[in-house]
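File shown here: my_file.tsv, holding TSV, C-alpha atoms.
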```tsv
chain	number	residue	atom	x	y	z
A	1	MET	CA	58.76	84.98	-32.22
A	2	SER	CA	57.99	84.79	-35.90
A	3	ARG	CA	57.41	81.07	-36.48
A	4	PRO	CA	54.31	79.14	-35.44
A	5	ASP	CA	56.43	76.10	-34.45
A	6	ALA	CA	58.08	78.27	-31.81
A	7	LEU	CA	54.81	78.33	-29.84
A	8	ALA	CA	55.50	74.97	-28.22
A	9	ALA	CA	58.94	76.14	-27.09
A	10	VAL	CA	57.50	79.37	-25.67
A	11	PHE	CA	54.86	77.51	-23.66
A	12	ALA	CA	57.49	75.02	-22.47
A	13	THR	CA	59.65	77.89	-21.22
A	14	ILE	CA	56.68	79.54	-19.50
A	15	SER	CA	55.95	76.24	-17.76
A	16	GLN	CA	59.61	75.60	-16.83
A	17	GLU	CA	59.87	79.08	-15.33
A	18	ARG	CA	56.77	78.22	-13.25
A	19	MET	CA	54.84	81.26	-14.31
A	20	GLY	CA	51.39	81.22	-12.80
A	21	ALA	CA	49.50	82.50	-15.85
A	22	VAL	CA	50.01	83.92	-19.30
A	23	LEU	CA	48.61	86.91	-21.16
A	24	VAL	CA	48.54	86.09	-24.86
A	25	GLN	CA	48.68	89.31	-26.85
A	26	ARG	CA	47.27	89.87	-30.31
A	27	ASP	CA	49.60	88.63	-33.03
A	28	VAL	CA	48.14	88.28	-36.52
A	29	LEU	CA	50.99	86.24	-37.98
A	30	VAL	CA	51.42	83.61	-35.27
A	31	ILE	CA	48.83	83.55	-32.49
A	32	GLU	CA	45.66	84.31	-34.42
A	33	ARG	CA	46.53	81.87	-37.21
A	34	ASN	CA	47.29	79.20	-34.62
A	35	SER	CA	44.66	79.97	-32.01
A	36	THR	CA	43.69	76.34	-31.43
A	37	THR	CA	47.37	75.43	-30.94
A	38	ALA	CA	47.86	78.26	-28.43
A	39	VAL	CA	44.75	77.20	-26.48
A	40	ALA	CA	45.82	73.53	-26.56
A	41	LEU	CA	49.35	74.34	-25.36
A	42	ALA	CA	48.02	76.43	-22.47
A	43	ALA	CA	45.67	73.58	-21.50
A	44	GLN	CA	48.42	70.97	-21.84
A	45	ARG	CA	50.68	73.00	-19.52
A	46	ARG	CA	47.71	73.77	-17.22
A	47	LEU	CA	48.36	77.48	-17.61
A	48	PRO	CA	45.54	79.96	-17.04
A	49	ALA	CA	45.64	82.18	-20.12
A	50	MET	CA	43.90	85.39	-21.05
A	51	TYR	CA	43.56	86.39	-24.69
A	52	SER	CA	42.64	89.46	-26.72
A	53	PHE	CA	39.72	88.00	-28.68
A	54	ARG	CA	36.57	86.14	-27.75
A	55	GLU	CA	37.32	83.35	-30.24
A	56	PHE	CA	39.88	81.98	-27.79
A	57	PRO	CA	37.50	81.19	-24.90
A	58	ASP	CA	34.99	80.02	-27.50
A	59	SER	CA	37.57	77.37	-28.46
A	60	GLY	CA	38.51	76.43	-24.89
A	61	GLY	CA	40.71	79.27	-23.64
A	62	LEU	CA	40.12	80.55	-20.11
A	63	MET	CA	39.11	84.14	-20.83
A	64	SER	CA	39.46	87.10	-23.12
A	65	TYR	CA	39.20	90.83	-22.80
A	66	GLY	CA	39.45	93.06	-25.80
A	67	ALA	CA	37.78	95.20	-28.38
A	68	ASN	CA	34.63	93.81	-29.94
A	69	VAL	CA	35.78	92.88	-33.44
A	70	ASN	CA	32.26	92.98	-34.91
A	71	ASP	CA	31.87	96.55	-33.67
A	72	ILE	CA	35.23	97.51	-35.24
A	73	HIS	CA	34.15	96.02	-38.58
A	74	ARG	CA	30.82	97.85	-38.41
A	75	ARG	CA	32.62	101.15	-37.78
A	76	SER	CA	35.07	100.40	-40.61
A	77	ALA	CA	32.15	99.91	-42.99
A	78	ALA	CA	30.86	103.37	-42.08
A	79	PHE	CA	34.25	104.84	-43.01
A	80	VAL	CA	34.32	102.95	-46.32
A	81	ASN	CA	30.84	104.28	-47.06
A	82	LYS	CA	31.97	107.87	-46.43
A	83	ILE	CA	35.02	107.42	-48.67
A	84	LEU	CA	32.92	105.91	-51.46
A	85	LYS	CA	30.65	108.95	-51.22
A	86	GLY	CA	33.62	111.25	-51.79
A	87	ALA	CA	35.11	111.97	-48.38
A	88	LYS	CA	38.87	112.30	-48.28
A	89	PRO	CA	40.40	109.66	-45.97
A	90	ALA	CA	42.76	112.28	-44.49
A	91	ASP	CA	39.73	114.33	-43.40
A	92	LEU	CA	38.12	111.48	-41.46
A	93	PRO	CA	38.72	111.32	-37.70
A	94	VAL	CA	40.82	108.61	-36.15
A	95	GLU	CA	38.72	106.38	-33.92
A	96	GLN	CA	39.62	103.97	-31.19
A	97	PRO	CA	37.49	101.02	-30.10
A	98	THR	CA	34.78	101.96	-27.65
A	99	LYS	CA	33.18	98.57	-27.05
A	100	PHE	CA	35.19	96.00	-25.12
A	101	GLU	CA	34.04	92.61	-23.92
A	102	LEU	CA	35.03	90.15	-21.23
A	103	VAL	CA	34.35	86.47	-21.95
A	104	ILE	CA	35.01	83.75	-19.35
A	105	ASN	CA	34.99	80.01	-20.00
A	106	LEU	CA	33.90	78.30	-16.76
A	107	LYS	CA	34.51	74.83	-18.21
A	108	THR	CA	38.17	75.71	-18.65
A	109	ALA	CA	38.34	77.33	-15.21
A	110	LYS	CA	37.00	74.13	-13.68
A	111	ALA	CA	39.48	71.99	-15.65
A	112	LEU	CA	42.30	74.19	-14.30
A	113	GLY	CA	40.95	74.00	-10.75
A	114	LEU	CA	40.19	77.72	-10.65
A	115	THR	CA	37.29	79.49	-9.01
A	116	ILE	CA	36.27	82.69	-10.73
A	117	PRO	CA	35.01	85.27	-8.22
A	118	PRO	CA	31.30	86.05	-8.54
A	119	SER	CA	32.10	89.76	-8.85
A	120	LEU	CA	34.17	89.05	-12.00
A	121	LEU	CA	31.49	86.74	-13.42
A	122	ALA	CA	28.92	89.51	-12.91
A	123	ARG	CA	31.04	91.88	-15.01
A	124	ALA	CA	31.53	89.43	-17.87
A	125	ASP	CA	29.73	90.06	-21.14
A	126	GLN	CA	29.49	86.30	-21.66
A	127	VAL	CA	30.11	83.30	-19.42
A	128	ILE	CA	30.59	79.96	-21.17
A	129	GLU	CA	29.30	77.17	-18.95
```
Write out the structure in this file as structure tokens.
Amino acid sequence: MSRPDALAAVFATISQERMGAVLVQRDVLVIERNSTTAVALAAQRRLPAMYSFREFPDSGGLMSYGANVNDIHRRSAAFVNKILKGAKPADLPVEQPTKFELVINLKTAKALGLTIPPSLLARADQVIE
């Protein structure tokens, strides 16, 4: 899917196929630029949805689990600093995210008629009530 207007058709198909939930993967060109639309379409279709970034549950999505973007930016700044001080980019190690966060929106869970198990709530980095 390469067009934002295709989002509505995708969510309609998901609903027609009676899928019980949706995992919305990271997509810079479509999903992230249209995050409020994706959240609204999931809510409209009453689909529990899990996203890659915390901004989604902040704007009404059910939950997210993914790398902490602020931590990634902080680490990127350290690399830029090393390069500006003369380090060769090819000599720097490749790093993967090490800090991940789970965010759960209980307001959305309630609107969907879902009960989030206490054991999952206890593991969440943030619970939006």
Distance atom CA of A:Phe79-atom CA of A:Gln126, one decimal place?
->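 We find that atom CA of A:Phe79 and atom CA of A:Gln126 lie 28.7 Å from each other.
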Using only C-alpha atoms, which of the listed residues (A:Glu95, A:Ala111, A:Ala77, A:Pro89) sits closest to A:Ala42?
->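 Answer, going by the shortest atom-to-atom distance: A:Ala111.
Closest to A:Phe53 among A:Ala78, A:Ile104, A:Val10, A:Ile116 is A:Ile104, based on all atoms listed in the file.
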Write out as a ChimeraX atom specification the residues lying within 7 Å of A:Tyr51, counting only C-alpha atoms and excluding same-chain residues fewer than 2 positions away.
-> /A:23-25,49,53,56,63-65
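The space between atom CA of A:Gly61 and atom CA of A:Ile128 spans 10.4 Å.
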What is the atom CA of A:Asn68 to atom CA of A:Ala38 distance in Å?
->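 Interatomic distance here is 20.5 Å.
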Exercise: A:Arg75 partners within 12 Å, all atoms listed in the file, chain neighbours under 6 positions left out, as a ChimeraX atom specification = /A:68-69,81-82,93-99
Using only C-alpha atoms, which of A:Arg46, A:His73, A:Arg26, A:Arg18 sits nearest A:Thr108?
-> A:Arg46
Tell me which of A:Gly86, A:Pro48, A:Asp125, A:Leu114 sits closest to A:Ala21, counting only C-alpha atoms.
-> A:Pro48
With a distance cut-off of 10 Å and all atoms listed in the file, select the neighbouring residues of A:Leu47, excluding the residue or stretch itself and same-chain residues fewer than 3 positions from it, and output the selection as a list in words.
-> Phe11, Ile14, Ser15, Arg18, Met19, Gly20, Ala21, Val22, Val39, Leu41, Ala42, Ala43, Gln44, Met50, Gly61, Leu62 and Leu112 of chain A
Any chance you could export stretch 42-73 of chain A with N, CA and C atoms, as a PDB file, in the first residue's frame?
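This is the output file decode32.pdb:
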```
ATOM      1  N   ALA A  42      -9.386   2.225  13.010  1.00  0.00           N
ATOM      2  CA  ALA A  42      -9.433   1.064  13.909  1.00  0.00           C
ATOM      3  C   ALA A  42     -10.584   1.217  14.896  1.00  0.00           C
ATOM      4  N   ALA A  43     -10.767   2.416  15.437  1.00  0.00           N
ATOM      5  CA  ALA A  43     -11.856   2.664  16.384  1.00  0.00           C
ATOM      6  C   ALA A  43     -13.217   2.522  15.694  1.00  0.00           C
ATOM      7  N   GLN A  44     -13.331   3.071  14.506  1.00  0.00           N
ATOM      8  CA  GLN A  44     -14.577   3.012  13.746  1.00  0.00           C
ATOM      9  C   GLN A  44     -14.985   1.561  13.477  1.00  0.00           C
ATOM     10  N   ARG A  45     -14.008   0.722  13.178  1.00  0.00           N
ATOM     11  CA  ARG A  45     -14.267  -0.690  12.884  1.00  0.00           C
ATOM     12  C   ARG A  45     -14.249  -1.551  14.144  1.00  0.00           C
ATOM     13  N   ARG A  46     -14.026  -0.901  15.301  1.00  0.00           N
ATOM     14  CA  ARG A  46     -13.950  -1.588  16.596  1.00  0.00           C
ATOM     15  C   ARG A  46     -12.909  -2.715  16.570  1.00  0.00           C
ATOM     16  N   LEU A  47     -11.757  -2.378  16.008  1.00  0.00           N
ATOM     17  CA  LEU A  47     -10.657  -3.330  15.909  1.00  0.00           C
ATOM     18  C   LEU A  47      -9.588  -3.023  16.952  1.00  0.00           C
ATOM     19  N   PRO A  48      -9.284  -3.964  17.827  1.00  0.00           N
ATOM     20  CA  PRO A  48      -8.134  -3.767  18.707  1.00  0.00           C
ATOM     21  C   PRO A  48      -6.879  -3.696  17.837  1.00  0.00           C
ATOM     22  N   ALA A  49      -6.077  -2.675  18.039  1.00  0.00           N
ATOM     23  CA  ALA A  49      -4.882  -2.499  17.215  1.00  0.00           C
ATOM     24  C   ALA A  49      -3.668  -2.214  18.089  1.00  0.00           C
ATOM     25  N   MET A  50      -2.568  -2.809  17.697  1.00  0.00           N
ATOM     26  CA  MET A  50      -1.298  -2.578  18.374  1.00  0.00           C
ATOM     27  C   MET A  50      -0.364  -1.918  17.370  1.00  0.00           C
ATOM     28  N   TYR A  51       0.371  -0.921  17.842  1.00  0.00           N
ATOM     29  CA  TYR A  51       1.209  -0.099  16.978  1.00  0.00           C
ATOM     30  C   TYR A  51       2.668  -0.169  17.435  1.00  0.00           C
ATOM     31  N   SER A  52       3.540   0.414  16.605  1.00  0.00           N
ATOM     32  CA  SER A  52       4.973   0.390  16.893  1.00  0.00           C
ATOM     33  C   SER A  52       5.444   1.541  17.769  1.00  0.00           C
ATOM     34  N   PHE A  53       4.683   2.635  17.802  1.00  0.00           N
ATOM     35  CA  PHE A  53       5.140   3.821  18.525  1.00  0.00           C
ATOM     36  C   PHE A  53       4.118   4.289  19.541  1.00  0.00           C
ATOM     37  N   ARG A  54       4.610   4.856  20.612  1.00  0.00           N
ATOM     38  CA  ARG A  54       3.769   5.315  21.710  1.00  0.00           C
ATOM     39  C   ARG A  54       2.829   6.444  21.322  1.00  0.00           C
ATOM     40  N   GLU A  55       3.111   7.163  20.251  1.00  0.00           N
ATOM     41  CA  GLU A  55       2.229   8.253  19.832  1.00  0.00           C
ATOM     42  C   GLU A  55       0.831   7.741  19.486  1.00  0.00           C
ATOM     43  N   PHE A  56       0.734   6.498  19.067  1.00  0.00           N
ATOM     44  CA  PHE A  56      -0.563   5.942  18.694  1.00  0.00           C
ATOM     45  C   PHE A  56      -1.488   5.787  19.897  1.00  0.00           C
ATOM     46  N   PRO A  57      -1.087   5.127  20.988  1.00  0.00           N
ATOM     47  CA  PRO A  57      -1.989   5.087  22.140  1.00  0.00           C
ATOM     48  C   PRO A  57      -2.187   6.468  22.767  1.00  0.00           C
ATOM     49  N   ASP A  58      -1.206   7.341  22.629  1.00  0.00           N
ATOM     50  CA  ASP A  58      -1.383   8.708  23.116  1.00  0.00           C
ATOM     51  C   ASP A  58      -2.537   9.397  22.382  1.00  0.00           C
ATOM     52  N   SER A  59      -2.763   9.001  21.114  1.00  0.00           N
ATOM     53  CA  SER A  59      -3.836   9.625  20.332  1.00  0.00           C
ATOM     54  C   SER A  59      -5.073   8.738  20.226  1.00  0.00           C
ATOM     55  N   GLY A  60      -5.173   7.724  21.103  1.00  0.00           N
ATOM     56  CA  GLY A  60      -6.395   6.923  21.164  1.00  0.00           C
ATOM     57  C   GLY A  60      -6.263   5.488  20.709  1.00  0.00           C
ATOM     58  N   GLY A  61      -5.099   5.076  20.230  1.00  0.00           N
ATOM     59  CA  GLY A  61      -4.894   3.679  19.857  1.00  0.00           C
ATOM     60  C   GLY A  61      -4.871   2.800  21.096  1.00  0.00           C
ATOM     61  N   LEU A  62      -5.084   1.512  20.915  1.00  0.00           N
ATOM     62  CA  LEU A  62      -5.162   0.599  22.061  1.00  0.00           C
ATOM     63  C   LEU A  62      -3.823   0.422  22.775  1.00  0.00           C
ATOM     64  N   MET A  63      -2.775   0.079  22.028  1.00  0.00           N
ATOM     65  CA  MET A  63      -1.487  -0.141  22.681  1.00  0.00           C
ATOM     66  C   MET A  63      -0.359  -0.071  21.667  1.00  0.00           C
ATOM     67  N   SER A  64       0.836   0.084  22.199  1.00  0.00           N
ATOM     68  CA  SER A  64       2.027   0.066  21.349  1.00  0.00           C
ATOM     69  C   SER A  64       3.141  -0.669  22.077  1.00  0.00           C
ATOM     70  N   TYR A  65       4.002  -1.255  21.269  1.00  0.00           N
ATOM     71  CA  TYR A  65       5.219  -1.848  21.791  1.00  0.00           C
ATOM     72  C   TYR A  65       6.296  -1.621  20.748  1.00  0.00           C
ATOM     73  N   GLY A  66       7.346  -0.959  21.150  1.00  0.00           N
ATOM     74  CA  GLY A  66       8.411  -0.701  20.202  1.00  0.00           C
ATOM     75  C   GLY A  66       9.573   0.016  20.859  1.00  0.00           C
ATOM     76  N   ALA A  67      10.556   0.275  20.021  1.00  0.00           N
ATOM     77  CA  ALA A  67      11.753   0.971  20.504  1.00  0.00           C
ATOM     78  C   ALA A  67      11.386   2.370  20.971  1.00  0.00           C
ATOM     79  N   ASN A  68      12.058   2.810  22.010  1.00  0.00           N
ATOM     80  CA  ASN A  68      11.861   4.157  22.527  1.00  0.00           C
ATOM     81  C   ASN A  68      12.563   5.135  21.586  1.00  0.00           C
ATOM     82  N   VAL A  69      11.761   5.928  20.867  1.00  0.00           N
ATOM     83  CA  VAL A  69      12.298   6.825  19.851  1.00  0.00           C
ATOM     84  C   VAL A  69      13.218   7.883  20.462  1.00  0.00           C
ATOM     85  N   ASN A  70      12.896   8.391  21.630  1.00  0.00           N
ATOM     86  CA  ASN A  70      13.760   9.387  22.275  1.00  0.00           C
ATOM     87  C   ASN A  70      15.137   8.808  22.576  1.00  0.00           C
ATOM     88  N   ASP A  71      15.170   7.546  22.994  1.00  0.00           N
ATOM     89  CA  ASP A  71      16.447   6.891  23.260  1.00  0.00           C
ATOM     90  C   ASP A  71      17.253   6.721  21.965  1.00  0.00           C
ATOM     91  N   ILE A  72      16.583   6.377  20.878  1.00  0.00           N
ATOM     92  CA  ILE A  72      17.254   6.242  19.579  1.00  0.00           C
ATOM     93  C   ILE A  72      17.853   7.584  19.155  1.00  0.00           C
ATOM     94  N   HIS A  73      17.101   8.649  19.316  1.00  0.00           N
ATOM     95  CA  HIS A  73      17.607   9.978  18.938  1.00  0.00           C
ATOM     96  C   HIS A  73      18.801  10.377  19.796  1.00  0.00           C
TER      97      HIS A  73
END
```
